[in-house]
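**Q** See upload_33.txt below, with compact mmCIF, C-alpha atoms and all ligand atoms.
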```
# COMPACT_ATOMS: atom_id res chain seq x y z
CA PRO A 1 10.93 14.58 -31.71
CA GLU A 2 13.66 12.30 -30.58
CA SER A 3 17.23 13.45 -30.55
CA GLU A 4 19.68 10.64 -30.06
CA ALA A 5 22.62 11.36 -27.81
CA ASP A 6 25.60 10.66 -29.99
CA GLU A 7 27.79 10.43 -26.97
CA SER A 8 28.25 7.10 -25.28
CA ALA A 9 27.96 6.95 -21.53
CA SER A 10 31.58 6.41 -20.75
CA GLY A 11 34.57 8.48 -21.56
CA HIS A 12 33.31 11.99 -21.85
CA GLY A 13 34.20 14.94 -19.75
CA GLY A 14 33.20 18.51 -20.27
CA ASN A 15 31.79 21.48 -18.63
CA ALA A 16 28.21 22.31 -17.88
CA ASP A 17 28.79 25.79 -19.26
CA ASN A 18 29.50 24.76 -22.83
CA GLN A 19 26.34 22.82 -23.53
CA GLY A 20 23.98 25.65 -24.41
CA ASN A 21 21.79 25.16 -21.35
CA ASP A 22 18.06 25.60 -21.79
CA ARG A 23 17.59 25.12 -18.09
CA GLY A 24 19.73 25.53 -15.02
CA ALA A 25 21.43 22.70 -13.16
CA PRO A 26 18.71 20.51 -11.61
CA GLN A 27 18.28 19.24 -8.10
CA LEU A 28 18.70 15.58 -8.99
CA VAL A 29 17.41 12.59 -7.02
CA LEU A 30 18.70 9.08 -7.68
CA VAL A 31 15.86 6.68 -6.91
CA ILE A 32 17.05 3.16 -6.10
CA PRO A 33 14.66 0.29 -5.32
CA CYS A 34 16.31 -2.28 -3.03
CA TYR A 35 15.08 -5.75 -2.21
CA ASN A 36 17.44 -7.83 -0.08
CA GLU A 37 20.45 -5.87 -1.31
CA GLN A 38 22.69 -6.10 1.77
CA ASP A 39 25.58 -7.48 -0.30
CA VAL A 40 25.66 -4.75 -2.89
CA LEU A 41 24.56 -1.57 -1.06
CA PRO A 42 27.88 -1.08 0.77
CA ILE A 43 29.52 -1.00 -2.69
CA THR A 44 26.82 1.07 -4.42
CA LEU A 45 26.45 3.88 -1.87
CA PRO A 46 30.04 5.22 -1.98
CA VAL A 47 30.10 4.94 -5.80
CA LEU A 48 26.90 6.96 -6.20
CA ASN A 49 27.92 9.44 -3.54
CA THR A 50 31.20 10.09 -5.36
CA LYS A 51 29.27 10.44 -8.62
CA LEU A 52 26.95 13.06 -7.12
CA SER A 53 29.82 15.10 -5.61
CA ASP A 54 31.64 15.00 -8.94
CA LEU A 55 28.59 16.25 -10.83
CA GLU A 56 28.01 18.95 -8.21
CA LYS A 57 31.61 20.15 -8.45
CA ARG A 58 31.32 20.40 -12.22
CA GLY A 59 28.10 22.40 -11.90
CA PHE A 60 25.91 19.78 -13.63
CA ILE A 61 23.53 19.44 -10.67
CA THR A 62 22.81 21.46 -7.53
CA GLU A 63 24.36 20.66 -4.17
CA ASN A 64 21.11 19.56 -2.59
CA SER A 65 20.88 16.54 -4.90
CA TYR A 66 20.61 13.20 -3.11
CA ILE A 67 20.11 9.44 -3.27
CA LEU A 68 16.72 8.02 -2.28
CA LEU A 69 16.76 4.32 -1.43
CA VAL A 70 13.43 2.51 -1.36
CA ASP A 71 13.55 -0.63 0.75
CA ASP A 72 10.95 -2.89 -0.85
CA GLY A 73 10.20 -4.90 2.32
CA SER A 74 13.59 -6.62 2.50
CA HIS A 75 14.15 -9.51 4.91
CA ASP A 76 17.88 -8.91 5.32
CA SER A 77 19.83 -5.97 6.77
CA THR A 78 19.13 -3.64 3.82
CA TRP A 79 17.31 -1.06 5.98
CA SER A 80 20.03 -0.90 8.63
CA ILE A 81 22.60 -0.39 5.84
CA ILE A 82 20.45 2.49 4.55
CA GLU A 83 20.31 3.92 8.09
CA SER A 84 24.07 3.73 8.52
CA GLY A 85 24.47 5.18 5.01
CA HIS A 86 22.39 8.12 6.22
CA SER A 87 24.60 8.57 9.30
CA ARG A 88 27.67 8.51 7.09
CA TYR A 89 26.31 10.86 4.39
CA PRO A 90 23.46 12.66 6.22
CA THR A 91 22.46 15.01 3.42
CA LYS A 92 23.06 12.55 0.60
CA VAL A 93 21.39 9.29 1.63
CA HIS A 94 17.66 9.24 2.25
CA GLY A 95 15.41 6.22 2.65
CA LEU A 96 11.86 4.99 2.36
CA LYS A 97 10.86 1.65 3.86
CA PHE A 98 7.90 -0.44 2.70
CA SER A 99 6.13 -2.55 5.28
CA HIS A 100 5.97 -5.42 2.80
CA ASN A 101 7.50 -6.51 -0.53
CA ARG A 102 5.47 -4.81 -3.27
CA GLY A 103 7.76 -5.37 -6.23
CA HIS A 104 10.25 -3.38 -8.24
CA GLN A 105 7.72 -1.24 -10.16
CA ASN A 106 5.89 -0.09 -7.03
CA ALA A 107 9.16 0.66 -5.26
CA LEU A 108 10.27 2.75 -8.23
CA TYR A 109 6.98 4.61 -8.38
CA ALA A 110 7.02 5.32 -4.63
CA GLY A 111 10.55 6.71 -4.88
CA LEU A 112 9.74 8.89 -7.88
CA MET A 113 6.61 10.30 -6.23
CA GLU A 114 8.49 10.96 -2.98
CA ALA A 115 11.16 12.83 -4.97
CA LEU A 116 8.45 14.81 -6.79
CA ASN A 117 6.65 15.70 -3.56
CA ARG A 118 9.87 16.87 -1.97
CA GLY A 119 10.32 19.20 -4.92
CA CYS A 120 13.13 17.79 -7.07
CA ASP A 121 13.79 19.07 -10.62
CA ALA A 122 14.65 15.67 -12.05
CA ALA A 123 14.91 12.07 -10.87
CA ILE A 124 16.87 9.14 -12.24
CA SER A 125 15.68 5.62 -11.48
CA MET A 126 18.36 2.94 -11.39
CA ASP A 127 19.00 -0.52 -9.97
CA ALA A 128 20.87 -1.06 -6.74
CA ASP A 129 23.41 -3.46 -8.24
CA LEU A 130 25.41 -0.98 -10.40
CA GLN A 131 24.35 -2.80 -13.58
CA ASP A 132 23.08 0.58 -14.72
CA ASP A 133 26.41 2.31 -15.35
CA PRO A 134 26.53 5.44 -13.12
CA ASP A 135 28.78 7.15 -15.68
CA ALA A 136 25.75 7.44 -17.98
CA ILE A 137 24.25 9.94 -15.53
CA ASP A 138 26.49 12.70 -16.96
CA ALA A 139 25.07 12.20 -20.45
CA MET A 140 21.52 11.98 -19.07
CA VAL A 141 21.85 15.29 -17.24
CA LYS A 142 23.25 16.89 -20.40
CA GLU A 143 20.24 15.67 -22.36
CA TYR A 144 18.00 17.11 -19.65
CA ALA A 145 19.78 20.44 -19.92
CA LYS A 146 19.07 20.45 -23.65
CA GLY A 147 15.35 20.43 -22.79
CA ASN A 148 14.49 16.72 -22.80
CA ASP A 149 11.97 15.69 -20.14
CA ILE A 150 12.65 11.96 -20.40
CA VAL A 151 16.03 10.41 -21.08
CA TYR A 152 16.09 6.64 -21.60
CA GLY A 153 19.14 4.62 -20.68
CA VAL A 154 19.45 2.02 -23.43
CA ARG A 155 21.94 -0.82 -23.13
CA ASP A 156 24.20 -1.23 -26.12
CA ASN A 157 24.98 -4.87 -25.44
CA ARG A 158 23.48 -7.93 -23.86
CA ASP A 159 26.79 -9.75 -23.44
CA THR A 160 26.35 -10.17 -19.71
CA ASP A 161 23.00 -11.94 -20.12
CA THR A 162 22.50 -15.64 -20.59
CA VAL A 163 21.31 -16.78 -24.03
CA PHE A 164 17.99 -17.64 -22.40
CA LYS A 165 17.45 -14.17 -20.94
CA ARG A 166 18.54 -12.52 -24.18
CA SER A 167 16.18 -14.50 -26.39
CA THR A 168 13.20 -14.23 -24.04
CA ALA A 169 13.78 -10.48 -23.74
CA ASP A 170 13.87 -10.16 -27.54
CA LEU A 171 10.65 -12.15 -27.83
CA PHE A 172 9.04 -9.98 -25.16
CA TYR A 173 9.86 -6.70 -26.90
CA LYS A 174 8.67 -8.10 -30.23
CA MET A 175 5.41 -9.24 -28.67
CA MET A 176 4.89 -5.85 -27.01
CA SER A 177 5.33 -3.98 -30.27
CA TRP A 178 3.15 -6.50 -32.09
CA LEU A 179 0.41 -5.89 -29.49
CA GLY A 180 0.78 -2.17 -30.03
CA THR A 181 2.43 -1.17 -26.74
CA ASP A 182 5.13 1.40 -27.11
CA THR A 183 8.25 0.17 -25.34
CA ILE A 184 11.87 1.12 -25.92
CA PRO A 185 13.83 -2.05 -26.79
CA ASN A 186 16.75 -2.76 -24.46
CA HIS A 187 15.67 -0.07 -22.05
CA ALA A 188 14.96 -1.30 -18.54
CA ASP A 189 14.10 1.16 -15.82
CA TYR A 190 17.24 3.29 -16.01
CA ARG A 191 15.90 6.69 -16.99
CA LEU A 192 15.80 10.34 -16.13
CA MET A 193 12.47 12.10 -15.74
CA SER A 194 12.01 15.83 -15.29
CA ARG A 195 9.60 17.31 -12.81
CA THR A 196 7.10 17.89 -15.63
CA ALA A 197 7.20 14.22 -16.66
CA LEU A 198 6.93 13.08 -13.02
CA GLU A 199 3.88 15.26 -12.54
CA ALA A 200 2.27 13.66 -15.59
CA LEU A 201 3.16 10.21 -14.23
CA SER A 202 1.51 11.02 -10.89
CA HIS A 203 -1.88 11.09 -12.64
CA TYR A 204 -1.66 7.41 -13.59
CA THR A 205 -3.84 5.82 -10.96
CA GLU A 206 -3.78 2.17 -12.03
CA VAL A 207 -2.78 -0.13 -9.22
CA ASN A 208 -0.67 -2.42 -11.36
CA LEU A 209 2.10 -0.52 -12.96
CA PHE A 210 4.19 -1.26 -15.98
CA LEU A 211 6.40 1.81 -16.15
CA ARG A 212 8.21 0.74 -19.34
CA GLY A 213 4.86 0.99 -21.11
CA ILE A 214 3.50 4.06 -19.32
CA VAL A 215 6.53 6.34 -19.57
CA PRO A 216 6.87 6.24 -23.39
CA SER A 217 3.13 6.99 -23.62
CA LEU A 218 3.63 10.25 -21.70
CA GLY A 219 5.14 11.95 -24.73
CA PHE A 220 7.31 15.04 -23.95
CA PRO A 221 10.66 15.74 -25.59
CA HIS A 222 12.86 12.69 -25.00
CA SER A 223 16.16 11.20 -25.99
CA LYS A 224 18.30 8.14 -25.42
CA VAL A 225 21.67 7.61 -23.83
CA TYR A 226 23.53 4.38 -24.61
CA TYR A 227 25.47 2.59 -21.90
CA LYS A 228 27.25 -0.66 -21.33
CA ARG A 229 25.39 -2.88 -18.90
CA GLY A 230 27.79 -4.65 -16.59
CA SER A 231 27.15 -7.61 -14.38
CA ARG A 232 25.82 -7.36 -10.86
CA ALA A 233 28.42 -5.83 -8.48
CA ALA A 234 27.49 -8.31 -5.71
CA GLY A 235 24.62 -10.50 -4.55
CA GLU A 236 22.13 -12.38 -6.67
CA SER A 237 19.37 -11.36 -9.07
CA LYS A 238 16.07 -10.57 -7.35
CA TYR A 239 14.27 -11.50 -10.55
CA PRO A 240 14.02 -15.29 -10.64
CA LEU A 241 12.38 -16.87 -13.69
CA LYS A 242 8.95 -16.87 -12.05
CA LYS A 243 9.06 -13.13 -11.29
CA MET A 244 10.40 -12.42 -14.77
CA MET A 245 7.56 -14.33 -16.41
CA SER A 246 4.91 -12.69 -14.29
CA PHE A 247 6.47 -9.31 -15.09
CA ALA A 248 6.17 -10.11 -18.79
CA VAL A 249 2.52 -11.15 -18.52
CA GLU A 250 1.81 -8.01 -16.49
CA GLY A 251 3.35 -5.99 -19.27
CA ILE A 252 1.10 -7.60 -21.83
CA THR A 253 -2.22 -7.76 -19.98
CA SER A 254 -1.08 -5.43 -17.18
CA PHE A 255 -2.20 -8.24 -14.88
CA SER A 256 -2.03 -11.79 -13.61
CA ILE A 257 -4.81 -13.94 -12.16
CA THR A 258 -3.45 -17.41 -11.57
CA PRO A 259 -6.58 -19.63 -11.54
CA LEU A 260 -7.90 -18.03 -14.69
CA ARG A 261 -4.57 -18.50 -16.36
CA ALA A 262 -4.68 -22.18 -15.42
CA ILE A 263 -7.88 -22.47 -17.47
CA THR A 264 -6.02 -21.12 -20.49
CA GLY A 265 -3.29 -23.70 -19.90
CA ILE A 266 -5.74 -26.59 -19.62
CA GLY A 267 -7.44 -25.36 -22.79
CA LEU A 268 -4.16 -25.36 -24.67
CA ILE A 269 -3.38 -28.89 -23.45
CA SER A 270 -6.83 -29.98 -24.61
CA VAL A 271 -6.15 -28.54 -28.09
CA ALA A 272 -2.85 -30.43 -28.16
CA VAL A 273 -4.60 -33.71 -27.22
CA GLY A 274 -7.17 -33.04 -29.97
CA ILE A 275 -4.40 -32.65 -32.51
CA VAL A 276 -2.78 -35.95 -31.38
CA ILE A 277 -6.16 -37.67 -31.80
CA LEU A 278 -6.53 -36.10 -35.23
CA VAL A 279 -3.20 -37.57 -36.30
CA TYR A 280 -4.23 -40.98 -34.94
CA VAL A 281 -7.57 -40.79 -36.77
CA LEU A 282 -5.89 -39.90 -40.05
CA VAL A 283 -3.41 -42.75 -39.69
CA SER A 284 -6.26 -45.19 -38.90
CA PHE A 285 -8.26 -43.85 -41.83
CA PHE A 286 -5.50 -44.46 -44.32
CA SER A 287 -4.77 -47.90 -42.93
CA GLY A 288 -8.51 -48.74 -43.31
CA ARG A 289 -9.25 -49.47 -39.60
CA THR A 290 -11.85 -46.84 -38.90
CA VAL A 291 -15.20 -46.72 -37.12
CA ALA A 292 -17.56 -44.30 -38.91
CA GLY A 293 -18.10 -40.96 -37.14
CA TRP A 294 -15.74 -41.61 -34.19
CA GLY A 295 -12.79 -39.59 -35.44
CA SER A 296 -14.60 -36.38 -36.30
CA VAL A 297 -16.50 -36.35 -32.98
CA MET A 298 -13.39 -36.89 -30.88
CA CYS A 299 -11.41 -34.22 -32.71
CA SER A 300 -14.22 -31.68 -32.48
CA ILE A 301 -14.71 -32.22 -28.76
CA TRP A 302 -11.05 -31.84 -27.85
CA ILE A 303 -10.08 -29.06 -30.19
CA LEU A 304 -13.21 -26.95 -29.77
CA GLY A 305 -13.32 -27.61 -26.01
CA GLY A 306 -9.72 -26.52 -25.79
CA LEU A 307 -10.29 -23.37 -27.78
CA ILE A 308 -13.30 -22.45 -25.62
CA LEU A 309 -11.34 -22.95 -22.40
CA SER A 310 -8.42 -20.86 -23.67
CA GLY A 311 -10.88 -18.18 -24.76
CA ILE A 312 -12.43 -18.09 -21.29
CA GLY A 313 -8.95 -17.87 -19.82
CA VAL A 314 -8.08 -14.81 -21.92
CA VAL A 315 -11.37 -13.11 -21.05
CA GLY A 316 -10.69 -14.06 -17.42
CA GLU A 317 -7.34 -12.27 -17.52
CA TYR A 318 -9.09 -9.05 -18.33
CA VAL A 319 -12.00 -9.59 -15.92
CA GLY A 320 -9.49 -10.33 -13.17
CA ARG A 321 -7.65 -7.18 -14.07
CA ILE A 322 -10.84 -5.14 -13.73
CA TYR A 323 -11.52 -6.81 -10.34
CA LEU A 324 -8.12 -5.88 -8.96
CA GLU A 325 -8.26 -2.32 -10.31
CA VAL A 326 -11.76 -1.75 -8.97
CA LYS A 327 -10.68 -2.56 -5.41
CA HIS A 328 -8.13 0.21 -5.77
CA ARG A 329 -5.97 -0.89 -2.87
CA PRO A 330 -2.92 1.20 -2.05
CA ARG A 331 0.09 0.27 -4.15
CA TYR A 332 2.37 0.19 -1.12
CA ILE A 333 2.51 1.07 2.55
CA VAL A 334 5.37 3.20 3.82
CA GLU A 335 6.54 2.13 7.26
CA GLU A 336 9.44 4.54 7.80
CA ARG A 337 11.24 7.47 6.18
CA ILE A 338 14.72 8.94 6.58
N1 LIG A 401 13.83 -5.20 -6.77
C1 LIG A 401 12.85 -4.69 -5.94
N2 LIG A 401 11.81 -5.51 -5.57
C2 LIG A 401 11.69 -6.80 -6.02
C3 LIG A 401 12.69 -7.29 -6.91
C4 LIG A 401 13.75 -6.46 -7.27
O1 LIG A 401 12.92 -3.54 -5.50
O2 LIG A 401 10.73 -7.47 -5.65
C5 LIG A 401 14.97 -4.32 -7.16
C6 LIG A 401 16.35 -4.87 -6.88
O3 LIG A 401 16.76 -4.63 -5.55
C7 LIG A 401 17.20 -4.15 -7.90
C8 LIG A 401 16.26 -3.95 -9.07
O4 LIG A 401 14.93 -4.15 -8.56
O5 LIG A 401 17.61 -2.87 -7.44
C9 LIG A 401 16.53 -4.91 -10.20
O6 LIG A 401 16.61 -6.24 -9.70
P1 LIG A 401 17.75 -7.26 -10.13
O7 LIG A 401 19.05 -6.54 -10.30
O8 LIG A 401 17.75 -8.37 -9.15
O9 LIG A 401 17.18 -7.75 -11.53
P2 LIG A 401 18.04 -8.21 -12.82
O10 LIG A 401 19.06 -7.15 -13.06
O11 LIG A 401 18.64 -9.51 -12.46
O12 LIG A 401 17.02 -8.31 -13.91
MG MG A 402 20.37 -6.41 -11.74
```
Please go through the file and, once you have read it, give me the structure as C-alpha cells.
Ligand code: UDP
Ligand code: MG

**A**
Amino acid sequence: PESEADESASGHGGNADNQGNDRGAPQLVLVIPCYNEQDVLPITLPVLNTKLSDLEKRGFITENSYILLVDDGSHDSTWSIIESGHSRYPTKVHGLKFSHNRGHQNALYAGLMEALNRGCDAAISMDADLQDDPDAIDAMVKEYAKGNDIVYGVRDNRDTDTVFKRSTADLFYKMMSWLGTDTIPNHADYRLMSRTALEALSHYTEVNLFLRGIVPSLGFPHSKVYYKRGSRAAGESKYPLKKMMSFAVEGITSFSITPLRAITGIGLISVAVGIVILVYVLVSFFSGRTVAGWGSVMCSIWILGGLILSGIGVVGEYVGRIYLEVKHRPRYIVEERI
C-alpha cells in the first residue's frame, strides 16, 4: 500500500516524538555519487553536514549518521576535496574512490552496498549538486519512522529543466510504462531505503543496473515525498545528451551494444528510402510513365530489407545484453576508502 506524504519537503518542523514511531531513530547514511564535482562539493559538504547535525539534535537520526561520497573515477580534485572534507568533519565525511569512471548507477549501488555492509539502518541516495533539496530528508525520515522501507523523492516541478529535457523525460516515462516497467514518474535517484530494502537490492546480480526500474520492483511498504528541484548549485551537468540517451536505452533494454544498434539505424533508413521510392512510383504510375514490375520490386526490396535489418538490430540488443551479463565482470573497482 502506498501512503502519500501530504507534507511538502520544505517548511515543516516538528519533533520526532510526536510522529507515532514504529521504529527508533535510524543510523542514516547519505550516499552521494560524485563525478568531477570539485566546483560543487565545497558548497554541498557544509550544507549536508549542517542538515545531519540538525536532524541529530532533533532526535530524528542517531549521532553516528554520516555522509558517504563515492568518487566515480573523477579527473579533477574531487577526491582531495573528499579527503579534506574528512579531515574537517572526521566522523561525518567518508569516501569511496573508484579506479575508473563506472557511471552514476554503479556509483550509487557501490555506496548503498558499502552503507549496508557497515551496518546502517537506512540510506538516502542523492546527487552531489544540491538539486535534490536536502530539506526533504526530514520528511523522508518521518516516512521511514512510520514503517516505510522505501521513500521516493518526487519532484513537483520541472521548471528548472529545458523544454527539451522535460519533453524527452516525459516521453521516456511514457515509454517505460508502455513497455511494462514500473517506474515512478518524476522520481530520479533521490530516495531513502531501509536496511531491509537494501538487503533485497543486494541480491540483484545483474551487471548493468537501472535502479529506477529495480527499486519499485522490490515491493515493501513505500511512500513518496514531494520536493522542489532547484538548479545545480555549481559546476556543469555530468549528463550530456549522449549519456542521457544511453541511460534511456539502458532503461528500456537494460543495455547498449553500439554496432548492433547501428544495424537497426541502417534498417530504419532503408525503410525510409523504400517509402520515398513508393511515393515516386505512385506519382509515376498516375502520370502514366511506368515500367511494369519495377516499382513493386524496388519497394519490396527496400522496405522488407529495412524491416529485416531493424529486426536483427533489436534481437542483437538482447543478444549483446546476454553477452555482457554472461561475462559477469565486476561492476566497479574500489581503489581507496576513507
Ligand atoms: N555522476 C556520476 N557518474 C557519472 C555521471 C554523473 O557519479 O558518470 C553523478 C554526478 O556527480 C551527480 C549525479 O550523478 O552527483 C547526477 O549528475 P548531474 O547532476 O550531472 O545530472 P543532471 O542533474 O544534470 O541530470
Ligand atoms: Mg544535477

**Q** Output the neighbourhood of ligand LIG 401 (chain A) as number ranges by chain, that is, all protein and nucleic acid residues with some atom at most 8 Å from the ligand, counting all atoms listed in the file.

**A** A: 32-37, 70-72, 101-108, 126-129, 131, 232, 236-240, 244

**Q** Would you mind telling me which residue in A:Ile67, A:Leu116, A:Val225, A:Ala234 lies nearest to ligand MG 402 (chain A) when using all atoms listed in the file?

**A**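 Checking each candidate against ligand MG 402 (chain A), we get A:Ala234 as the closest.
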
**Q** Looking at A:Pro90, A:Gly95, A:Gly316, A:Gly267, which one is nearest to Ile303 (chain A), with distances taken over all atoms listed in the file?

**A**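 The answer is A:Gly267, which sits nearest to Ile303 (chain A).
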
**Q** Do you know which residues are at most 9 Å from Asp132 (chain A) counting only C-alpha atoms, after dropping those on the same chain fewer than 6 positions away, and could you put them as a list of chain:residue names?

**A** A:Met126, A:Gly153, A:Arg155, A:Tyr190, A:Tyr227, A:Lys228, A:Arg229, A:Gly230

**Q** At a cut-off of 7 Å from (30.3, 5.5, -9.4) in the coordinates of the file, what residues are picked up using only C-alpha atoms, written as a PyMOL selection string?

**A** chain A and resi 47-48+50-51+134-135

**Q** Considering all atoms listed in the file, can you say which of A:Met298, A:Leu309, A:Thr160, A:Arg289 comes closest to ligand MG 402 (chain A)?

**A**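 Result for the nearest residue to ligand MG 402 (chain A): A:Thr160.
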
**Q** Give me, please, the distance in Å between CA of Trp302 (chain A) and CA of Ser284 (chain A), quoted to one decimal.

**A**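 Between CA of Trp302 (chain A) and CA of Ser284 (chain A) the gap is 18.0 Å.
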
**Q** Between CA of Thr44 (chain A) and CA of Thr196 (chain A), what is the distance in Å, rounded to a tenth?

**A**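 Those two atoms sit 28.2 Å apart.
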
**Q** If we count all atoms listed in the file and set the cut-off at 12 Å, which residues sit around Arg158 (chain A), ignoring sequence neighbours fewer than 4 positions away in its own chain? Please answer as number ranges by chain.

**A** A: 131, 154, 162-167, 169-170, 185-187, 227-231

**Q** Got time to write the residues from that selection, C-alpha atoms, as a compact mmCIF listing (two decimals), in the coordinates of the input?

**A**
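Once everything was written out, this is out11.txt:
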```
# COMPACT_ATOMS: atom_id res chain seq x y z
CA GLN A 131 24.35 -2.80 -13.58
CA VAL A 154 19.45 2.02 -23.43
CA THR A 162 22.50 -15.64 -20.59
CA VAL A 163 21.31 -16.78 -24.03
CA PHE A 164 17.99 -17.64 -22.40
CA LYS A 165 17.45 -14.17 -20.94
CA ARG A 166 18.54 -12.52 -24.18
CA SER A 167 16.18 -14.50 -26.39
CA ALA A 169 13.78 -10.48 -23.74
CA ASP A 170 13.87 -10.16 -27.54
CA PRO A 185 13.83 -2.05 -26.79
CA ASN A 186 16.75 -2.76 -24.46
CA HIS A 187 15.67 -0.07 -22.05
CA TYR A 227 25.47 2.59 -21.90
CA LYS A 228 27.25 -0.66 -21.33
CA ARG A 229 25.39 -2.88 -18.90
CA GLY A 230 27.79 -4.65 -16.59
CA SER A 231 27.15 -7.61 -14.38
```

**Q** In Å, with one decimal, what is the gap from CA of Ile312 (chain A) to CA of Thr264 (chain A)?

**A**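 So the answer is 7.1 Å.
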
**Q** Ranking A:Val151, A:Gly59, A:Gly235, A:Ala122 by minimum distance to ligand MG 402 (chain A) and counting all atoms listed in the file, which one comes first?

**A** A:Gly235

**Q** Got a sec: who's within 9 Å of Ile184 (chain A), counting all atoms listed in the file, leaving out chain neighbours fewer than 5 positions off, as a ChimeraX atom specification?

**A** /A:152,154,173,212-213,216

**Q** Determine the nearest neighbour of ligand MG 402 (chain A) from the options A:Ile61, A:Ile275, A:Ile150, A:Ala233, counting all atoms listed in the file.

**A**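 Closest to ligand MG 402 (chain A), using all atoms listed in the file: A:Ala233.
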
**Q** Nearest to Asp121 (chain A) among A:Asp189, A:Lys174, A:Met245, A:Arg23, with distances taken over all atoms listed in the file: which residue is it?

**A**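 The answer is A:Arg23, which sits nearest to Asp121 (chain A).
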
**Q** Would you kindly return, as a PyMOL selection string, each protein, DNA or RNA residue with an atom no farther than 12 Å from any atom of Leu55 (chain A), considering only C-alpha atoms and excluding same-chain residues fewer than 2 positions away?

**A** chain A and resi 13-16+25-28+48-53+57-66+134-142

**Q** List as a list in words the protein and nucleic acid residues near Ala197 (chain A), meaning an atom at most 12 Å away when all atoms listed in the file are counted, but skip any in the same chain fewer than 6 places from it.

**A** Leu112, Met113, Leu116, Cys120, Asp121, Ala122, Ala123, Ile124, Tyr144, Gly147, Asn148, Asp149, Ile150, Val151, Arg191, His203, Tyr204, Ile214, Val215, Pro216, Ser217, Leu218, Gly219, Phe220, Pro221 and His222 of chain A
